[in-house]
file protein.pdb (PDB, C-alpha atoms)
ATOM      1  CA  MET A1331     -43.193  16.737   4.140  1.00  0.00           C
ATOM      2  CA  ALA A1332     -42.665  13.600   2.041  1.00  0.00           C
ATOM      3  CA  THR A1333     -39.810  15.289   0.184  1.00  0.00           C
ATOM      4  CA  SER A1334     -37.844  16.029   3.389  1.00  0.00           C
ATOM      5  CA  ASN A1335     -38.279  12.396   4.521  1.00  0.00           C
ATOM      6  CA  LYS A1336     -36.911  11.231   1.168  1.00  0.00           C
ATOM      7  CA  VAL A1337     -33.901  13.557   1.527  1.00  0.00           C
ATOM      8  CA  ALA A1338     -33.276  12.325   5.092  1.00  0.00           C
ATOM      9  CA  GLU A1339     -33.485   8.695   3.934  1.00  0.00           C
ATOM     10  CA  ASP A1340     -31.026   9.408   1.116  1.00  0.00           C
ATOM     11  CA  LYS A1341     -28.575  10.997   3.568  1.00  0.00           C
ATOM     12  CA  VAL A1342     -28.863   8.074   5.992  1.00  0.00           C
ATOM     13  CA  ALA A1343     -28.243   5.651   3.110  1.00  0.00           C
ATOM     14  CA  ALA A1344     -25.227   7.682   1.960  1.00  0.00           C
ATOM     15  CA  VAL A1345     -23.724   7.687   5.472  1.00  0.00           C
ATOM     16  CA  GLU A1346     -24.264   3.916   5.756  1.00  0.00           C
ATOM     17  CA  GLU A1347     -22.606   3.334   2.371  1.00  0.00           C
ATOM     18  CA  ILE A1348     -19.567   5.497   3.202  1.00  0.00           C
ATOM     19  CA  THR A1349     -19.277   3.867   6.648  1.00  0.00           C
ATOM     20  CA  THR A1350     -19.295   0.415   5.042  1.00  0.00           C
ATOM     21  CA  LYS A1351     -16.686   1.463   2.459  1.00  0.00           C
ATOM     22  CA  LEU A1352     -14.422   2.868   5.196  1.00  0.00           C
ATOM     23  CA  ARG A1353     -14.748  -0.293   7.310  1.00  0.00           C
ATOM     24  CA  ASN A1354     -14.086  -2.611   4.345  1.00  0.00           C
ATOM     25  CA  SER A1355     -11.132  -0.636   2.976  1.00  0.00           C
ATOM     26  CA  ASN A1356      -7.447  -1.105   3.806  1.00  0.00           C
ATOM     27  CA  ALA A1357      -6.986   2.587   3.110  1.00  0.00           C
ATOM     28  CA  ALA A1358      -8.895   5.703   2.116  1.00  0.00           C
ATOM     29  CA  VAL A1359      -7.239   8.663   0.387  1.00  0.00           C
ATOM     30  CA  VAL A1360      -8.991  12.031   0.520  1.00  0.00           C
ATOM     31  CA  THR A1361      -8.483  14.344  -2.449  1.00  0.00           C
ATOM     32  CA  SER A1362      -9.674  17.624  -3.893  1.00  0.00           C
ATOM     33  CA  TYR A1363     -10.809  17.320  -7.484  1.00  0.00           C
ATOM     34  CA  VAL A1364     -11.826  20.901  -8.363  1.00  0.00           C
ATOM     35  CA  GLY A1365     -10.926  21.697 -11.956  1.00  0.00           C
ATOM     36  CA  LEU A1366     -10.970  18.110 -13.225  1.00  0.00           C
ATOM     37  CA  SER A1367     -13.317  17.341 -16.090  1.00  0.00           C
ATOM     38  CA  VAL A1368     -15.670  14.368 -16.126  1.00  0.00           C
ATOM     39  CA  ALA A1369     -13.355  12.672 -18.633  1.00  0.00           C
ATOM     40  CA  GLN A1370     -10.364  13.197 -16.325  1.00  0.00           C
ATOM     41  CA  LEU A1371     -12.297  11.753 -13.368  1.00  0.00           C
ATOM     42  CA  GLN A1372     -13.128   8.681 -15.470  1.00  0.00           C
ATOM     43  CA  GLU A1373      -9.458   8.355 -16.437  1.00  0.00           C
ATOM     44  CA  LEU A1374      -8.503   8.597 -12.742  1.00  0.00           C
ATOM     45  CA  ARG A1375     -10.985   5.888 -11.805  1.00  0.00           C
ATOM     46  CA  ARG A1376      -9.549   3.597 -14.500  1.00  0.00           C
ATOM     47  CA  SER A1377      -5.961   4.306 -13.416  1.00  0.00           C
ATOM     48  CA  LEU A1378      -6.730   3.201  -9.852  1.00  0.00           C
ATOM     49  CA  GLY A1379      -7.609  -0.300 -11.039  1.00  0.00           C
ATOM     50  CA  GLU A1380     -10.079  -2.801  -9.667  1.00  0.00           C
ATOM     51  CA  ASN A1381      -8.931  -2.587  -6.040  1.00  0.00           C
ATOM     52  CA  ALA A1382      -9.900   1.037  -5.471  1.00  0.00           C
ATOM     53  CA  GLN A1383     -13.094   3.041  -5.882  1.00  0.00           C
ATOM     54  CA  TYR A1384     -12.972   6.801  -6.356  1.00  0.00           C
ATOM     55  CA  ARG A1385     -16.088   8.586  -5.172  1.00  0.00           C
ATOM     56  CA  VAL A1386     -17.128  12.224  -4.780  1.00  0.00           C
ATOM     57  CA  VAL A1387     -18.517  12.669  -1.242  1.00  0.00           C
ATOM     58  CA  LYS A1388     -20.231  15.271   0.889  1.00  0.00           C
ATOM     59  CA  ASN A1389     -18.001  16.412   3.759  1.00  0.00           C
ATOM     60  CA  THR A1390     -20.659  16.443   6.495  1.00  0.00           C
ATOM     61  CA  LEU A1391     -21.933  12.962   5.634  1.00  0.00           C
ATOM     62  CA  THR A1392     -18.353  11.656   5.396  1.00  0.00           C
ATOM     63  CA  GLN A1393     -17.514  13.116   8.826  1.00  0.00           C
ATOM     64  CA  ILE A1394     -20.459  11.241  10.325  1.00  0.00           C
ATOM     65  CA  ALA A1395     -19.492   8.040   8.494  1.00  0.00           C
ATOM     66  CA  ALA A1396     -15.838   8.343   9.575  1.00  0.00           C
ATOM     67  CA  LYS A1397     -16.875   8.637  13.225  1.00  0.00           C
ATOM     68  CA  GLU A1398     -19.129   5.594  12.873  1.00  0.00           C
ATOM     69  CA  ALA A1399     -16.287   3.656  11.202  1.00  0.00           C
ATOM     70  CA  GLY A1400     -13.829   4.744  13.899  1.00  0.00           C
ATOM     71  CA  VAL A1401     -11.427   6.634  11.630  1.00  0.00           C
ATOM     72  CA  GLU A1402     -10.182  10.219  11.731  1.00  0.00           C
ATOM     73  CA  LEU A1403     -10.690  12.200   8.523  1.00  0.00           C
ATOM     74  CA  ASP A1404     -12.116  15.524   9.754  1.00  0.00           C
ATOM     75  CA  GLU A1405      -8.963  17.581   9.083  1.00  0.00           C
ATOM     76  CA  HIS A1406      -9.011  16.531   5.409  1.00  0.00           C
ATOM     77  CA  LEU A1407     -12.707  17.175   4.747  1.00  0.00           C
ATOM     78  CA  GLU A1408     -12.761  20.758   3.493  1.00  0.00           C
ATOM     79  CA  GLY A1409     -13.814  22.074   0.105  1.00  0.00           C
ATOM     80  CA  SER A1410     -14.755  19.748  -2.732  1.00  0.00           C
ATOM     81  CA  THR A1411     -13.832  16.245  -1.654  1.00  0.00           C
ATOM     82  CA  ALA A1412     -13.521  12.830  -3.239  1.00  0.00           C
ATOM     83  CA  VAL A1413     -12.252   9.665  -1.572  1.00  0.00           C
ATOM     84  CA  ALA A1414     -10.383   6.704  -3.042  1.00  0.00           C
ATOM     85  CA  PHE A1415     -11.535   3.657  -1.058  1.00  0.00           C
ATOM     86  CA  VAL A1416      -8.739   1.073  -1.402  1.00  0.00           C
ATOM     87  CA  THR A1417      -9.503  -2.611  -0.866  1.00  0.00           C
ATOM     88  CA  GLY A1418      -6.294  -3.915  -2.467  1.00  0.00           C
ATOM     89  CA  ASP A1419      -2.675  -2.813  -2.246  1.00  0.00           C
ATOM     90  CA  PRO A1420      -2.567   0.739  -0.768  1.00  0.00           C
ATOM     91  CA  VAL A1421       0.846   1.352  -2.367  1.00  0.00           C
ATOM     92  CA  GLU A1422      -0.533   0.695  -5.839  1.00  0.00           C
ATOM     93  CA  ALA A1423      -3.456   3.092  -5.297  1.00  0.00           C
ATOM     94  CA  ALA A1424      -1.181   5.770  -3.810  1.00  0.00           C
ATOM     95  CA  LYS A1425       1.117   5.457  -6.862  1.00  0.00           C
ATOM     96  CA  GLY A1426      -1.894   5.782  -9.181  1.00  0.00           C
ATOM     97  CA  LEU A1427      -3.082   8.936  -7.425  1.00  0.00           C
ATOM     98  CA  ARG A1428       0.423  10.437  -7.280  1.00  0.00           C
ATOM     99  CA  ASP A1429       1.105   9.752 -10.957  1.00  0.00           C
ATOM    100  CA  PHE A1430      -2.295  11.112 -12.007  1.00  0.00           C
ATOM    101  CA  ALA A1431      -1.717  14.251  -9.888  1.00  0.00           C
ATOM    102  CA  LYS A1432       1.659  14.833 -11.638  1.00  0.00           C
ATOM    103  CA  ASN A1433      -0.105  15.021 -15.009  1.00  0.00           C
ATOM    104  CA  ASN A1434      -3.245  16.734 -13.639  1.00  0.00           C
ATOM    105  CA  PRO A1435      -2.288  19.308 -10.974  1.00  0.00           C
ATOM    106  CA  ALA A1436      -5.977  19.969 -10.247  1.00  0.00           C
ATOM    107  CA  LEU A1437      -6.011  16.704  -8.267  1.00  0.00           C
ATOM    108  CA  VAL A1438      -4.707  17.445  -4.769  1.00  0.00           C
ATOM    109  CA  ILE A1439      -4.068  14.681  -2.250  1.00  0.00           C
ATOM    110  CA  LYS A1440      -5.207  15.989   1.146  1.00  0.00           C
ATOM    111  CA  GLY A1441      -4.491  12.986   3.357  1.00  0.00           C
ATOM    112  CA  GLY A1442      -6.206   9.807   4.381  1.00  0.00           C
ATOM    113  CA  VAL A1443      -6.200   6.765   6.563  1.00  0.00           C
ATOM    114  CA  LEU A1444      -4.310   3.451   6.340  1.00  0.00           C
ATOM    115  CA  GLU A1445      -5.612   0.540   8.421  1.00  0.00           C
ATOM    116  CA  GLY A1446      -7.146   2.969  10.911  1.00  0.00           C
ATOM    117  CA  LYS A1447      -4.111   5.286  11.185  1.00  0.00           C
ATOM    118  CA  SER A1448      -4.475   8.850   9.944  1.00  0.00           C
ATOM    119  CA  LEU A1449      -2.001   9.876   7.221  1.00  0.00           C
ATOM    120  CA  SER A1450      -0.935  13.298   5.978  1.00  0.00           C
ATOM    121  CA  ALA A1451      -0.562  14.080   2.276  1.00  0.00           C
ATOM    122  CA  ASP A1452       3.237  13.730   2.625  1.00  0.00           C
ATOM    123  CA  GLU A1453       2.871  10.286   4.226  1.00  0.00           C
ATOM    124  CA  ILE A1454       0.675   9.158   1.339  1.00  0.00           C
ATOM    125  CA  LYS A1455       3.328  10.388  -1.105  1.00  0.00           C
ATOM    126  CA  LYS A1456       5.953   8.385   0.837  1.00  0.00           C
ATOM    127  CA  LEU A1457       3.650   5.358   0.652  1.00  0.00           C
ATOM    128  CA  ALA A1458       3.541   5.825  -3.128  1.00  0.00           C
ATOM    129  CA  ASP A1459       7.358   5.689  -3.225  1.00  0.00           C
ATOM    130  CA  LEU A1460       7.385   2.177  -1.731  1.00  0.00           C
ATOM    131  CA  GLU A1461       7.574  -0.879  -3.941  1.00  0.00           C
ATOM    132  CA  SER A1462       4.347  -2.803  -4.382  1.00  0.00           C
ATOM    133  CA  ARG A1463       3.474  -5.719  -2.131  1.00  0.00           C
ATOM    134  CA  GLU A1464       4.110  -8.200  -4.953  1.00  0.00           C
ATOM    135  CA  VAL A1465       7.624  -6.824  -5.603  1.00  0.00           C
ATOM    136  CA  LEU A1466       8.493  -6.916  -1.888  1.00  0.00           C
ATOM    137  CA  LEU A1467       7.210 -10.499  -1.570  1.00  0.00           C
ATOM    138  CA  ALA A1468       9.226 -11.559  -4.628  1.00  0.00           C
ATOM    139  CA  LYS A1469      12.374 -10.020  -3.149  1.00  0.00           C
ATOM    140  CA  LEU A1470      11.711 -11.755   0.180  1.00  0.00           C
ATOM    141  CA  ALA A1471      11.170 -15.095  -1.563  1.00  0.00           C
ATOM    142  CA  GLY A1472      14.397 -14.626  -3.525  1.00  0.00           C
ATOM    143  CA  ALA A1473      16.333 -13.812  -0.360  1.00  0.00           C
ATOM    144  CA  MET A1474      14.862 -16.809   1.448  1.00  0.00           C
ATOM    145  CA  LYS A1475      15.721 -19.090  -1.471  1.00  0.00           C
ATOM    146  CA  ALA A1476      19.276 -17.729  -1.701  1.00  0.00           C
ATOM    147  CA  LYS A1477      20.109 -18.136   1.997  1.00  0.00           C
ATOM    148  CA  PRO A1478      19.494 -21.922   2.228  1.00  0.00           C
ATOM    149  CA  SER A1479      21.503 -22.522  -0.945  1.00  0.00           C
ATOM    150  CA  GLN A1480      24.354 -20.420   0.439  1.00  0.00           C
ATOM    151  CA  ALA A1481      24.188 -22.333   3.728  1.00  0.00           C
ATOM    152  CA  ALA A1482      24.194 -25.659   1.850  1.00  0.00           C
ATOM    153  CA  ALA A1483      27.297 -24.596  -0.082  1.00  0.00           C
ATOM    154  CA  VAL A1484      29.077 -23.737   3.172  1.00  0.00           C
ATOM    155  CA  PHE A1485      28.071 -27.048   4.767  1.00  0.00           C
ATOM    156  CA  GLN A1486      29.264 -28.960   1.693  1.00  0.00           C
ATOM    157  CA  ALA A1487      32.544 -27.043   1.692  1.00  0.00           C
ATOM    158  CA  LEU A1488      33.336 -27.859   5.330  1.00  0.00           C
ATOM    159  CA  PRO A1489      33.764 -31.676   4.920  1.00  0.00           C
ATOM    160  CA  SER A1490      35.725 -31.325   1.690  1.00  0.00           C
ATOM    161  CA  LYS A1491      37.966 -28.706   3.293  1.00  0.00           C
ATOM    162  CA  PHE A1492      38.440 -30.993   6.294  1.00  0.00           C
ATOM    163  CA  VAL A1493      39.352 -33.910   4.001  1.00  0.00           C
ATOM    164  CA  ARG A1494      41.868 -31.760   2.084  1.00  0.00           C
ATOM    165  CA  THR A1495      43.385 -30.493   5.341  1.00  0.00           C
ATOM    166  CA  ALA A1496      43.602 -34.023   6.792  1.00  0.00           C
ATOM    167  CA  GLU A1497      45.186 -35.293   3.539  1.00  0.00           C
ATOM    168  CA  ALA A1498      47.738 -32.448   3.582  1.00  0.00           C
ATOM    169  CA  LEU A1499      48.526 -33.173   7.234  1.00  0.00           C
ATOM    170  CA  ARG A1500      48.932 -36.932   6.490  1.00  0.00           C
ATOM    171  CA  ALA A1501      51.178 -36.147   3.522  1.00  0.00           C
ATOM    172  CA  LYS A1502      53.297 -33.804   5.663  1.00  0.00           C
ATOM    173  CA  GLN A1503      53.622 -36.430   8.389  1.00  0.00           C
ATOM    174  CA  ALA A1504      54.563 -39.076   5.816  1.00  0.00           C
ATOM    175  CA  GLU A1505      57.153 -36.707   4.393  1.00  0.00           C
ATOM    176  CA  GLN A1506      58.583 -35.968   7.833  1.00  0.00           C
ATOM    177  CA  GLY A1507      58.525 -39.660   8.754  1.00  0.00           C
ATOM    178  CA  GLY A1508      60.399 -40.551   5.553  1.00  0.00           C
ATOM    179  CA  ALA A1509      62.954 -37.756   6.067  1.00  0.00           C
ATOM    180  CA  GLU A1510      64.069 -38.991   9.509  1.00  0.00           C
TER
END
call {"tool": "encode", "arguments": {"input": "protein.pdb", "output": "structure tokens"}}
result
Amino acid sequence: MATSNKVAEDKVAAVEEITTKLRNSNAAVVTSYVGLSVAQLQELRRSLGENAQYRVVKNTLTQIAAKEAGVELDEHLEGSTAVAFVTGDPVEAAKGLRDFAKNNPALVIKGGVLEGKSLSADEIKKLADLESREVLLAKLAGAMKAKPSQAAAVFQALPSKFVRTAEALRAKQAEQGGAE
């Protein structure tokens, strides 16, 4: 009887851990990893960086945890399953998974969730095609910096253009006044 209590406690702890990871993650990507060696799984974990954790999970426990966390993953939880819990930039993690899957076809992206919204495998691949958050912010900052300088150039051009126009008009009037 003590053994079954220990097993039940382990399952409860596993559900609590997965629930916490789902709640604390910006995104979670569900994959199938059948056919990957231990070395390949370690390489995958390294390629995801510090802002994502890749963990093999049990489907039934993950279904319970997903319900407790308020996310929908049931349709993706079939067969051997591992989840990348992403706490950083979801685009970066999606790129890491996509690139790893190109070189290791045994890794199959099934789907996932991004900030509570369920995503298909195709949507995750589209997410991977986006530029990273840092690149987008840099482009935005560059655009914001360029616009004020362009506006300043226009505002500086207006008075000088007005002065040139007024001077040309004065010269024309002087010419016409002298010609009469």
call {"tool": "residues_around", "arguments": {"input": "protein.pdb", "residues": "range 1406-1413 of chain A", "least_positions_apart": "4", "cutoff": "7 Å", "atoms": "only C-alpha atoms", "output": "VMD selection string"}}
result
chain A and resid 1358 to 1364 1384 to 1389 1440 to 1441
call {"tool": "resolve_selection", "arguments": {"input": "protein.pdb", "expression": "the PyMOL selection byres ((chain A and resi 1456) around 12)", "output": "list in words"}}
result
Pro1420, Val1421, Ala1424, Lys1425, Arg1428, Gly1441, Leu1449, Ser1450, Ala1451, Asp1452, Glu1453, Ile1454, Lys1455, Leu1457, Ala1458, Asp1459, Leu1460 and Glu1461 of chain A
call {"tool": "residues_around", "arguments": {"input": "protein.pdb", "residues": "Ala1357 in chain A", "least_positions_apart": "2", "cutoff": "12 Å", "atoms": "all atoms listed in the file", "output": "ChimeraX atom specification"}}
result
/A:1351-1355,1359-1360,1381-1384,1401-1403,1413-1424,1441-1449,1454,1457
call {"tool": "atom_distance", "arguments": {"input": "protein.pdb", "atom1": "CA of Arg1375 in chain A", "atom2": "CA of Asp1429 in chain A"}}
result
12.7 Å
call {"tool": "residues_around", "arguments": {"input": "protein.pdb", "residues": "Asn1433 in chain A", "least_positions_apart": "5", "cutoff": "12 Å", "atoms": "all atoms listed in the file", "output": "list in words"}}
result
Leu1366, Gln1370, Glu1373, Leu1374, Gly1426, Leu1427, Arg1428 and Val1438 of chain A
